[in-house]
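I have placed the structure first, in the form of structure tokens, so that the comments after it can refer back to it.
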Amino acid sequence: MLARRLVFPLCLLVGPLLVIVAGTLHPDLVGDGAAQLTTIAQCRAWRAIHWTFLFSFPLSLAGLVGLARVHAGIPGEDAVRAGLIVGTFSYAAWTVIVAFMAGAGWSLAQAFTTSDPGMTATRAVFLFDMIHPFALATQRVAGFALGLSTCLFGWGVADGKALPRWLGSSGVTAGAVAMALAAAFPETTKADQAAFVLPVLWQLVTGVVMLREGLTAVRGSGSAAP
């Protein structure tokens with residue numbers, strides 16, 4: 001009982017918080033492939049930033065499992081369950097671009113900046129330019145799916161009434177905005193990347209609410225004990 005009330009909310013708090021920290025520290029990648037590889041190579045924290053992203057994803061998913069458990073057997077269960085399934089797909093797609101940038105992106109950047117100008121550097125840029133669009137495509141679908149997942153979670157929270165109703169309505173709104181940004185803007189734009197912002201913030205707020213209610217329940221049960 002203690003684990004369900006505290007561990008899952010903590011996961012939903014720490015996971016999104018790590019995403020926010022990593023996203024804040026992530027440098028802007030602008031220009032052509034050569035310029036982006038140069039930026040990557042100059043960022044000493046590049047791999048740490050992306051590993052922070054990668055470690056945050058399972059924490060966030062674990063927290064969302066806790067949110068689904070809260071709504072088991074009550075109105076809104078189906079919507080929350082669907083949100084968990086779509087959210088799992090979203091994080092799987094998001095992992096593709098983050099893992100690519102942490103591994104291949106970093107290796108290509110090192111090859112581009114440390115090799116003598118010539119075929120090695122040219123090949124590094126060529127490979128990056130060929131593979132990066134695929135990774136960006138997974139980012140775009142991940143943003144859309146995370147928005148849809150947030151809408152479904154918000155719908156379930158509003159119907160279930162186990163958590164504050166404003167949390168449900170804000171989830172639906174945040175998810176709808178995220179879906180619109182991912183659908184309307186190309187994957188190479190900042191607007192498309194912004195699709196992740198509101199859903200992640202909503203998860204963070206939800207984690208805080210769940211943790212507060214969990215602590216209240218634990219204190220209540222402790223005071224009621226003989």
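Ligands are numbered from 1 in the order shown, residues from 1 within each chain, and chains are lettered A, B, ... in the order they appear in the structure tokens.
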Would you kindly return, as a list in words, each protein, DNA or RNA residue with an atom no farther than 8 Å from any atom of stretch 80-90 of chain A, considering only C-alpha atoms and excluding same-chain residues fewer than 6 positions away?
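These residues fall inside the cut-off: Leu61, Leu64, Val65, Leu67, Ala68, His71, Val141, Ala142, Gly143, Phe144, Ala145, Leu146, Leu148, Ser149, Thr150, Cys151, Leu152, Phe153, Gly154, Trp155, Gly156 and Val157 of chain A.
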Expected file: the selected residues, N, CA, C and O atoms, as a tab-separated table (two decimals), in the first residue's frame:
```
chain	number	residue	atom	x	y	z
A	61	LEU	N	7.01	6.37	-17.19
A	61	LEU	CA	6.05	5.30	-17.48
A	61	LEU	C	5.60	4.58	-16.22
A	61	LEU	O	4.42	4.25	-16.07
A	64	LEU	N	3.03	6.65	-14.62
A	64	LEU	CA	1.74	6.58	-15.31
A	64	LEU	C	1.02	5.27	-15.01
A	64	LEU	O	-0.22	5.23	-15.00
A	65	VAL	N	1.77	4.21	-14.76
A	65	VAL	CA	1.15	2.96	-14.32
A	65	VAL	C	0.43	3.18	-12.99
A	65	VAL	O	-0.68	2.71	-12.77
A	67	LEU	N	-0.83	5.99	-11.98
A	67	LEU	CA	-2.04	6.76	-12.27
A	67	LEU	C	-3.15	5.85	-12.78
A	67	LEU	O	-4.33	6.03	-12.43
A	68	ALA	N	-2.77	4.86	-13.60
A	68	ALA	CA	-3.77	3.91	-14.09
A	68	ALA	C	-4.33	3.06	-12.95
A	68	ALA	O	-5.53	2.75	-12.92
A	71	HIS	N	-7.21	4.47	-11.05
A	71	HIS	CA	-8.51	4.48	-11.72
A	71	HIS	C	-9.00	3.08	-12.05
A	71	HIS	O	-9.97	2.93	-12.81
A	141	VAL	N	6.15	11.81	-34.32
A	141	VAL	CA	5.06	10.90	-33.98
A	141	VAL	C	5.01	10.68	-32.46
A	141	VAL	O	3.93	10.50	-31.88
A	142	ALA	N	6.18	10.74	-31.81
A	142	ALA	CA	6.20	10.62	-30.34
A	142	ALA	C	5.48	11.79	-29.69
A	142	ALA	O	4.73	11.61	-28.72
A	143	GLY	N	5.70	13.00	-30.21
A	143	GLY	CA	5.02	14.17	-29.66
A	143	GLY	C	3.51	14.09	-29.84
A	143	GLY	O	2.75	14.43	-28.92
A	144	PHE	N	3.08	13.63	-31.02
A	144	PHE	CA	1.64	13.48	-31.26
A	144	PHE	C	1.04	12.42	-30.34
A	144	PHE	O	-0.02	12.63	-29.74
A	145	ALA	N	1.74	11.28	-30.22
A	145	ALA	CA	1.23	10.20	-29.37
A	145	ALA	C	1.21	10.60	-27.90
A	145	ALA	O	0.28	10.24	-27.17
A	146	LEU	N	2.22	11.37	-27.46
A	146	LEU	CA	2.22	11.80	-26.06
A	146	LEU	C	1.07	12.76	-25.80
A	146	LEU	O	0.46	12.74	-24.73
A	148	LEU	N	-1.85	12.68	-27.44
A	148	LEU	CA	-3.05	11.84	-27.40
A	148	LEU	C	-3.14	11.11	-26.07
A	148	LEU	O	-4.22	11.01	-25.47
A	149	SER	N	-2.02	10.59	-25.60
A	149	SER	CA	-2.00	9.90	-24.31
A	149	SER	C	-2.45	10.84	-23.19
A	149	SER	O	-3.23	10.44	-22.31
A	150	THR	N	-1.96	12.07	-23.22
A	150	THR	CA	-2.33	13.04	-22.18
A	150	THR	C	-3.81	13.37	-22.24
A	150	THR	O	-4.46	13.52	-21.19
A	151	CYS	N	-4.36	13.48	-23.44
A	151	CYS	CA	-5.81	13.68	-23.59
A	151	CYS	C	-6.59	12.54	-22.96
A	151	CYS	O	-7.57	12.76	-22.24
A	152	LEU	N	-6.16	11.32	-23.23
A	152	LEU	CA	-6.86	10.16	-22.70
A	152	LEU	C	-6.75	10.09	-21.17
A	152	LEU	O	-7.73	9.80	-20.48
A	153	PHE	N	-5.57	10.39	-20.65
A	153	PHE	CA	-5.41	10.43	-19.19
A	153	PHE	C	-6.31	11.51	-18.57
A	153	PHE	O	-6.95	11.29	-17.54
A	154	GLY	N	-6.31	12.68	-19.21
A	154	GLY	CA	-7.15	13.76	-18.71
A	154	GLY	C	-8.63	13.38	-18.71
A	154	GLY	O	-9.36	13.68	-17.74
A	155	TRP	N	-9.06	12.74	-19.78
A	155	TRP	CA	-10.45	12.27	-19.88
A	155	TRP	C	-10.76	11.29	-18.75
A	155	TRP	O	-11.79	11.38	-18.08
A	156	GLY	N	-9.85	10.33	-18.54
A	156	GLY	CA	-10.07	9.36	-17.48
A	156	GLY	C	-10.08	9.98	-16.10
A	156	GLY	O	-10.90	9.61	-15.24
A	157	VAL	N	-9.18	10.93	-15.85
A	157	VAL	CA	-9.14	11.61	-14.55
A	157	VAL	C	-10.43	12.39	-14.32
A	157	VAL	O	-10.99	12.40	-13.21
```
Using only C-alpha atoms, which protein or nucleic acid residues come within 7 Å of A:Gln203? Drop anything in the same chain fewer than 3 positions from it, and give the result as a ChimeraX atom specification.
/A:12,16,199-200,206-207
Which neighbours of A:His132 fall inside 12 Å, counting only C-alpha atoms, when residues of the same chain fewer than 4 positions from it are skipped, and could you give them as a ChimeraX atom specification?
/A:29,32-33,36-37,96-101,104-105,108,124-128,136-139,187-188
Expected file: the selected residues, N, CA and C atoms, as an mmCIF file, in the first residue's frame:
```
data_model
loop_
_atom_site.group_PDB
_atom_site.id
_atom_site.type_symbol
_atom_site.label_atom_id
_atom_site.label_comp_id
_atom_site.auth_asym_id
_atom_site.auth_seq_id
_atom_site.Cartn_x
_atom_site.Cartn_y
_atom_site.Cartn_z
ATOM 1 N N LEU A 29 20.214 22.938 -31.974
ATOM 2 C CA LEU A 29 20.879 22.447 -33.184
ATOM 3 C C LEU A 29 20.310 23.189 -34.377
ATOM 4 N N ASP A 32 23.128 23.431 -41.110
ATOM 5 C CA ASP A 32 23.211 22.170 -41.833
ATOM 6 C C ASP A 32 23.829 21.086 -40.963
ATOM 7 N N GLY A 33 24.033 19.904 -41.567
ATOM 8 C CA GLY A 33 24.560 18.786 -40.801
ATOM 9 C C GLY A 33 25.920 19.062 -40.193
ATOM 10 N N GLN A 36 25.520 21.271 -37.120
ATOM 11 C CA GLN A 36 24.937 20.547 -35.993
ATOM 12 C C GLN A 36 25.936 19.583 -35.365
ATOM 13 N N LEU A 37 26.729 18.914 -36.185
ATOM 14 C CA LEU A 37 27.748 18.014 -35.642
ATOM 15 C C LEU A 37 28.794 18.786 -34.845
ATOM 16 N N VAL A 96 13.888 6.437 -29.689
ATOM 17 C CA VAL A 96 14.650 6.243 -30.922
ATOM 18 C C VAL A 96 15.542 7.444 -31.212
ATOM 19 N N ILE A 97 14.972 8.657 -31.215
ATOM 20 C CA ILE A 97 15.786 9.819 -31.552
ATOM 21 C C ILE A 97 16.783 10.145 -30.447
ATOM 22 N N VAL A 98 16.388 9.956 -29.191
ATOM 23 C CA VAL A 98 17.315 10.271 -28.104
ATOM 24 C C VAL A 98 18.495 9.307 -28.116
ATOM 25 N N ALA A 99 18.228 8.024 -28.317
ATOM 26 C CA ALA A 99 19.308 7.047 -28.372
ATOM 27 C C ALA A 99 20.197 7.284 -29.593
ATOM 28 N N PHE A 100 19.602 7.658 -30.713
ATOM 29 C CA PHE A 100 20.393 7.957 -31.903
ATOM 30 C C PHE A 100 21.339 9.132 -31.654
ATOM 31 N N MET A 101 20.827 10.186 -31.051
ATOM 32 C CA MET A 101 21.658 11.361 -30.802
ATOM 33 C C MET A 101 22.710 11.092 -29.736
ATOM 34 N N ALA A 104 24.963 7.425 -32.036
ATOM 35 C CA ALA A 104 25.473 7.705 -33.374
ATOM 36 C C ALA A 104 25.760 9.188 -33.572
ATOM 37 N N GLY A 105 24.887 10.054 -33.068
ATOM 38 C CA GLY A 105 25.109 11.489 -33.233
ATOM 39 C C GLY A 105 26.426 11.935 -32.619
ATOM 40 N N LEU A 108 29.442 10.377 -34.656
ATOM 41 C CA LEU A 108 29.643 11.082 -35.925
ATOM 42 C C LEU A 108 30.211 12.476 -35.691
ATOM 43 N N ALA A 124 30.956 11.406 -42.377
ATOM 44 C CA ALA A 124 30.244 11.633 -41.118
ATOM 45 C C ALA A 124 29.031 12.529 -41.345
ATOM 46 N N VAL A 125 29.221 13.604 -42.087
ATOM 47 C CA VAL A 125 28.109 14.510 -42.384
ATOM 48 C C VAL A 125 27.062 13.812 -43.230
ATOM 49 N N PHE A 126 27.506 13.028 -44.207
ATOM 50 C CA PHE A 126 26.577 12.312 -45.084
ATOM 51 C C PHE A 126 25.700 11.356 -44.278
ATOM 52 N N LEU A 127 26.324 10.564 -43.416
ATOM 53 C CA LEU A 127 25.556 9.614 -42.611
ATOM 54 C C LEU A 127 24.576 10.341 -41.695
ATOM 55 N N PHE A 128 25.011 11.427 -41.083
ATOM 56 C CA PHE A 128 24.124 12.185 -40.194
ATOM 57 C C PHE A 128 22.943 12.739 -40.973
ATOM 58 N N LEU A 136 14.139 12.251 -36.559
ATOM 59 C CA LEU A 136 13.219 13.370 -36.340
ATOM 60 C C LEU A 136 11.770 12.959 -36.598
ATOM 61 N N ALA A 137 11.557 12.060 -37.558
ATOM 62 C CA ALA A 137 10.196 11.580 -37.826
ATOM 63 C C ALA A 137 9.637 10.837 -36.616
ATOM 64 N N THR A 138 10.486 10.043 -35.952
ATOM 65 C CA THR A 138 10.019 9.352 -34.746
ATOM 66 C C THR A 138 9.736 10.347 -33.631
ATOM 67 N N GLN A 139 10.498 11.440 -33.595
ATOM 68 C CA GLN A 139 10.242 12.475 -32.592
ATOM 69 C C GLN A 139 8.859 13.101 -32.802
ATOM 70 N N GLU A 187 8.846 18.412 -38.428
ATOM 71 C CA GLU A 187 9.670 17.885 -37.336
ATOM 72 C C GLU A 187 10.987 18.634 -37.154
ATOM 73 N N THR A 188 11.326 19.512 -38.101
ATOM 74 C CA THR A 188 12.578 20.268 -37.992
ATOM 75 C C THR A 188 12.394 21.603 -37.267
#
```
Restricting the calculation to only C-alpha atoms, which member of A:Val172, A:Ala93, A:Ala195, A:Val208 is positioned closest to A:Cys11?
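Among the listed residues, the smallest separation from A:Cys11 belongs to A:Val208.
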Could you pull out all residues of stretch 22-195 of chain A with a DSSP call of helix (DSSP H, G or I) and give them as a ChimeraX atom specification?
/A:22-25,33-42,46-70,77-114,119-160,165-184,190-195
Write out as JSON, numbers by chain which residues come within 9 Å of stretch 41-53 of chain A when counting only C-alpha atoms, dropping same-chain ones fewer than 4 positions away.
{"A": [15, 18, 19, 20, 21, 22, 23, 25, 26, 27, 36, 37, 57, 95, 98, 99, 101, 102, 103, 106, 107, 108, 109, 110, 112, 113]}
The residue from A:Ala92, A:Phe185, A:Ala34, A:Gly63 with the smallest atom-to-atom distance to A:Leu10, counting only C-alpha atoms, is A:Gly63
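Among the candidate residues A:Arg5, A:Asp28, A:Ile74, A:Val197, the one lying nearest to A:Ala162 is A:Ile74, with distances computed using only C-alpha atoms.
Across the structure, atom CA of A:Leu59 and atom CA of A:Leu6 are spaced 13.3 Å apart.
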From A:Gly160, A:Thr38, A:Phe196, A:Arg212, residue lying nearest A:Arg69 [only C-alpha atoms]
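Of A:Gly160, A:Thr38, A:Phe196, A:Arg212, the one nearest A:Arg69, counting only C-alpha atoms, is A:Gly160.
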Closest to A:Lys190 among A:Arg140, A:Ile40, A:Pro9, A:Thr114, using only C-alpha atoms?
A:Arg140
Interatomic distance between atom CA of A:Ala180 and atom CA of A:Phe8?
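Atom CA of A:Ala180 sits 29.3 Å away from atom CA of A:Phe8.
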Using only C-alpha atoms: which of A:Ala111, A:Leu215, A:Ala35, A:Leu163 has the shortest distance to A:Val70
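Of A:Ala111, A:Leu215, A:Ala35, A:Leu163, the one nearest A:Val70 is A:Leu163, counting only C-alpha atoms.
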